[in-house]
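Reproduced below: structure.pdb, with PDB, C-alpha atoms, pLDDT in the B column.
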```pdb
ATOM      1  CA  MET A   1     -13.150  -0.389  -8.348  1.00 62.00           C
ATOM      2  CA  SER A   2     -10.114   1.672  -7.444  1.00 80.00           C
ATOM      3  CA  MET A   3      -8.597  -0.961  -5.165  1.00 94.00           C
ATOM      4  CA  LEU A   4      -8.941  -4.732  -4.977  1.00 95.00           C
ATOM      5  CA  ILE A   5      -8.585  -6.466  -1.622  1.00 96.00           C
ATOM      6  CA  ALA A   6      -7.393 -10.004  -0.956  1.00 95.00           C
ATOM      7  CA  LYS A   7      -6.208 -11.753   2.182  1.00 94.00           C
ATOM      8  CA  LYS A   8      -3.285 -14.115   2.501  1.00 93.00           C
ATOM      9  CA  LEU A   9      -1.170 -15.315   5.434  1.00 90.00           C
ATOM     10  CA  GLY A  10      -3.021 -13.059   7.856  1.00 91.00           C
ATOM     11  CA  ALA A  11      -2.399  -9.908   5.833  1.00 95.00           C
ATOM     12  CA  VAL A  12      -4.556  -7.720   3.639  1.00 96.00           C
ATOM     13  CA  ILE A  13      -3.252  -7.324   0.109  1.00 97.00           C
ATOM     14  CA  ALA A  14      -4.477  -4.028  -1.328  1.00 98.00           C
ATOM     15  CA  MET A  15      -4.038  -3.702  -5.088  1.00 97.00           C
ATOM     16  CA  PRO A  16      -4.672  -0.229  -6.504  1.00 97.00           C
ATOM     17  CA  GLY A  17      -6.074  -0.105 -10.018  1.00 95.00           C
ATOM     18  CA  ARG A  18      -4.229   1.103 -13.089  1.00 95.00           C
ATOM     19  CA  GLU A  19      -4.248   4.709 -11.861  1.00 95.00           C
ATOM     20  CA  PHE A  20      -3.729   5.620  -8.207  1.00 96.00           C
ATOM     21  CA  ASP A  21      -4.493   9.327  -8.386  1.00 95.00           C
ATOM     22  CA  SER A  22      -6.927  12.023  -7.228  1.00 95.00           C
ATOM     23  CA  ASN A  23      -9.790  10.304  -9.067  1.00 95.00           C
ATOM     24  CA  THR A  24      -9.302   6.919  -7.409  1.00 95.00           C
ATOM     25  CA  SER A  25      -7.774   7.820  -4.056  1.00 95.00           C
ATOM     26  CA  PRO A  26     -11.021   8.697  -2.184  1.00 95.00           C
ATOM     27  CA  GLU A  27     -12.436   5.211  -2.740  1.00 96.00           C
ATOM     28  CA  ALA A  28      -9.064   3.586  -2.003  1.00 96.00           C
ATOM     29  CA  GLU A  29      -8.863   5.545   1.259  1.00 96.00           C
ATOM     30  CA  ARG A  30     -12.371   4.431   2.231  1.00 96.00           C
ATOM     31  CA  ILE A  31     -11.480   0.806   1.530  1.00 96.00           C
ATOM     32  CA  LEU A  32      -8.256   0.908   3.546  1.00 97.00           C
ATOM     33  CA  VAL A  33      -9.897   2.692   6.476  1.00 96.00           C
ATOM     34  CA  GLN A  34     -12.654   0.043   6.513  1.00 97.00           C
ATOM     35  CA  GLN A  35     -10.039  -2.711   6.635  1.00 97.00           C
ATOM     36  CA  ILE A  36      -8.143  -1.039   9.482  1.00 97.00           C
ATOM     37  CA  GLU A  37     -11.325  -0.287  11.440  1.00 96.00           C
ATOM     38  CA  ALA A  38     -12.302  -3.956  11.016  1.00 96.00           C
ATOM     39  CA  GLY A  39      -9.134  -4.891  12.891  1.00 95.00           C
ATOM     40  CA  GLU A  40      -6.676  -5.555  10.083  1.00 95.00           C
ATOM     41  CA  THR A  41      -3.166  -4.490  11.111  1.00 96.00           C
ATOM     42  CA  GLN A  42      -0.952  -5.950   8.383  1.00 96.00           C
ATOM     43  CA  ILE A  43      -1.353  -4.465   4.925  1.00 97.00           C
ATOM     44  CA  VAL A  44       0.609  -4.950   1.728  1.00 98.00           C
ATOM     45  CA  ILE A  45       0.153  -2.398  -1.047  1.00 98.00           C
ATOM     46  CA  ASP A  46       0.738  -4.436  -4.216  1.00 98.00           C
ATOM     47  CA  PHE A  47       1.339  -2.186  -7.240  1.00 97.00           C
ATOM     48  CA  SER A  48       1.381  -5.051  -9.760  1.00 97.00           C
ATOM     49  CA  LYS A  49      -1.778  -3.757 -11.484  1.00 96.00           C
ATOM     50  CA  THR A  50      -0.848  -0.065 -11.194  1.00 97.00           C
ATOM     51  CA  ASP A  51       0.703   2.002 -13.995  1.00 96.00           C
ATOM     52  CA  TYR A  52       1.293   5.171 -11.991  1.00 94.00           C
ATOM     53  CA  VAL A  53       0.757   6.813  -8.629  1.00 96.00           C
ATOM     54  CA  THR A  54       0.401  10.503  -7.831  1.00 96.00           C
ATOM     55  CA  SER A  55       0.693  12.468  -4.596  1.00 95.00           C
ATOM     56  CA  ALA A  56      -2.982  11.723  -3.903  1.00 96.00           C
ATOM     57  CA  GLY A  57      -2.243   7.999  -3.885  1.00 96.00           C
ATOM     58  CA  LEU A  58       0.819   8.533  -1.712  1.00 97.00           C
ATOM     59  CA  ARG A  59      -1.310  10.471   0.760  1.00 97.00           C
ATOM     60  CA  VAL A  60      -3.673   7.489   1.095  1.00 97.00           C
ATOM     61  CA  ILE A  61      -0.756   5.162   1.840  1.00 97.00           C
ATOM     62  CA  MET A  62       0.650   7.578   4.429  1.00 96.00           C
ATOM     63  CA  MET A  63      -2.759   7.980   6.076  1.00 96.00           C
ATOM     64  CA  ALA A  64      -3.072   4.203   6.378  1.00 97.00           C
ATOM     65  CA  ALA A  65       0.453   3.974   7.801  1.00 96.00           C
ATOM     66  CA  ILE A  66      -0.412   6.525  10.489  1.00 95.00           C
ATOM     67  CA  LEU A  67      -3.611   4.684  11.409  1.00 96.00           C
ATOM     68  CA  LEU A  68      -1.728   1.385  11.587  1.00 95.00           C
ATOM     69  CA  LYS A  69       1.058   2.853  13.714  1.00 92.00           C
ATOM     70  CA  ASP A  70      -1.521   3.675  16.393  1.00 87.00           C
ATOM     71  CA  LYS A  71      -2.618   0.016  16.302  1.00 91.00           C
ATOM     72  CA  LYS A  72       0.966  -1.331  16.279  1.00 91.00           C
ATOM     73  CA  GLY A  73       0.411  -2.553  12.731  1.00 94.00           C
ATOM     74  CA  LYS A  74       2.492  -2.373   9.589  1.00 94.00           C
ATOM     75  CA  ILE A  75       2.068  -1.414   5.959  1.00 96.00           C
ATOM     76  CA  VAL A  76       4.563  -2.342   3.246  1.00 97.00           C
ATOM     77  CA  MET A  77       4.671  -1.934  -0.532  1.00 97.00           C
ATOM     78  CA  CYS A  78       5.726  -4.161  -3.433  1.00 98.00           C
ATOM     79  CA  ASN A  79       5.743  -4.754  -7.189  1.00 97.00           C
ATOM     80  CA  GLY A  80       5.988  -1.171  -8.410  1.00 96.00           C
ATOM     81  CA  ASN A  81       7.022  -0.488 -11.979  1.00 96.00           C
ATOM     82  CA  GLU A  82       9.939   1.851 -12.709  1.00 96.00           C
ATOM     83  CA  GLN A  83       7.800   5.017 -12.505  1.00 95.00           C
ATOM     84  CA  ILE A  84       6.218   4.028  -9.204  1.00 96.00           C
ATOM     85  CA  TYR A  85       9.573   3.028  -7.738  1.00 96.00           C
ATOM     86  CA  GLU A  86      11.023   6.404  -8.744  1.00 95.00           C
ATOM     87  CA  VAL A  87       8.086   8.340  -7.266  1.00 95.00           C
ATOM     88  CA  LEU A  88       8.399   6.425  -3.984  1.00 95.00           C
ATOM     89  CA  GLU A  89      12.140   6.996  -3.901  1.00 95.00           C
ATOM     90  CA  ILE A  90      11.998  10.727  -4.704  1.00 95.00           C
ATOM     91  CA  SER A  91       9.179  11.330  -2.228  1.00 94.00           C
ATOM     92  CA  GLY A  92      11.139   9.704   0.601  1.00 94.00           C
ATOM     93  CA  PHE A  93       8.756   6.804   1.153  1.00 94.00           C
ATOM     94  CA  PHE A  94      11.618   4.309   1.366  1.00 94.00           C
ATOM     95  CA  GLU A  95      12.807   6.080   4.505  1.00 94.00           C
ATOM     96  CA  ILE A  96       9.398   5.597   6.122  1.00 93.00           C
ATOM     97  CA  LEU A  97       7.959   2.351   4.744  1.00 96.00           C
ATOM     98  CA  ASP A  98       9.442  -0.917   3.562  1.00 96.00           C
ATOM     99  CA  TYR A  99       9.380  -1.821  -0.126  1.00 97.00           C
ATOM    100  CA  PHE A 100       9.837  -5.306  -1.579  1.00 97.00           C
ATOM    101  CA  LYS A 101      10.318  -6.590  -5.101  1.00 94.00           C
ATOM    102  CA  SER A 102       7.802  -9.415  -4.699  1.00 96.00           C
ATOM    103  CA  LEU A 103       4.513 -10.069  -2.971  1.00 96.00           C
ATOM    104  CA  ASP A 104       5.965 -13.120  -1.224  1.00 96.00           C
ATOM    105  CA  GLU A 105       8.747 -11.011   0.338  1.00 96.00           C
ATOM    106  CA  ALA A 106       6.234  -8.368   1.411  1.00 97.00           C
ATOM    107  CA  LEU A 107       3.920 -10.959   2.969  1.00 96.00           C
ATOM    108  CA  SER A 108       6.833 -12.540   4.789  1.00 94.00           C
ATOM    109  CA  SER A 109       7.730  -9.136   6.213  1.00 93.00           C
ATOM    110  CA  VAL A 110       4.313  -8.366   7.659  1.00 92.00           C
ATOM    111  CA  SER A 111       3.639 -11.892   8.882  1.00 80.00           C
ATOM    112  CA  LYS A 112       6.637 -11.573  11.232  1.00 55.00           C
ATOM    113  CA  ILE A 113       4.721  -9.175  13.460  1.00 47.00           C
ATOM    114  CA  ASN A 114       2.040 -11.727  14.323  1.00 44.00           C
TER     115      ASN A 114
END
```

Rewrite the structure of this file - the entire thing - as structure tokens.
Amino acid sequence: MSMLIAKKLGAVIAMPGREFDSNTSPEAERILVQQIEAGETQIVIDFSKTDYVTSAGLRVIMMAAILLKDKKGKIVMCNGNEQIYEVLEISGFFEILDYFKSLDEALSSVSKIN
């Protein structure tokens, strides 16, 4: 599976697999859209199991952020390795979405909008 889903403190924790790229992003997008359509409005993208992310993976995150904005929801990211952090920084994601060093910090952030 390209993305594991867990729930904690009223938020969905989405954990992309080792590679978040053009091969895995269609399934990841389907999974996130299903969660949002089911009424989930607080999502944490946890990169703890991910080695790298490409523009295809970034597009999935941005698509989910746009869908959540319409529902007054929030998506945040956490636990990226050095490569992922650099890709997010260079692509300007930190100007659009919040990033946290730990899952606990990320969950605390999204739980505030309850």

- Between atom CA of A:Ile75 and atom CA of A:Ile5, what is the spacing in Å? 14.0 Å

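From atom CA of A:Glu82 back to atom CA of A:Tyr52, the distance works out to 9.3 Å.
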
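Each of A:Ala56, A:Ala14, A:Val76, A:Ile90 was compared to A:Leu32 using all atoms listed in the file, and A:Ala14 turns out to be the nearest.
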
- Item | Proximity to A:Ser111 - best of A:Gln83, A:Ser2, A:Thr41, A:Ser91, only C-alpha atoms | A:Thr41

- Output the residue selection produced by the PyMOL selection byres ((chain A and resi 55) around 10) on the file above, formatted as number ranges by chain. A: 20-22, 25, 53-54, 56-61, 87-88, 91

With 8 Å of padding per side, what axis-aligned box (centre and edge lengths, Å, one decimal) covers all the listed atoms of stretch 103-109 of chain A? Give it as JSON.
```
{"center_x": 6.3, "center_y": -10.7, "center_z": 1.6, "size_x": 20.8, "size_y": 20.8, "size_z": 25.2}
```

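When all atoms listed in the file are used to compute distances to A:Asp51, the closest of the residues A:Asp98, A:Glu89, A:Glu29, A:Glu19 turns out to be A:Glu19.
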
- Item | Surrounding residues of A:Val12 excluding itself and chain neighbours under 5 positions, 10 Å, only C-alpha atoms, as a ChimeraX atom specification | /A:5-7,32,35-36,40-45,75,107,110
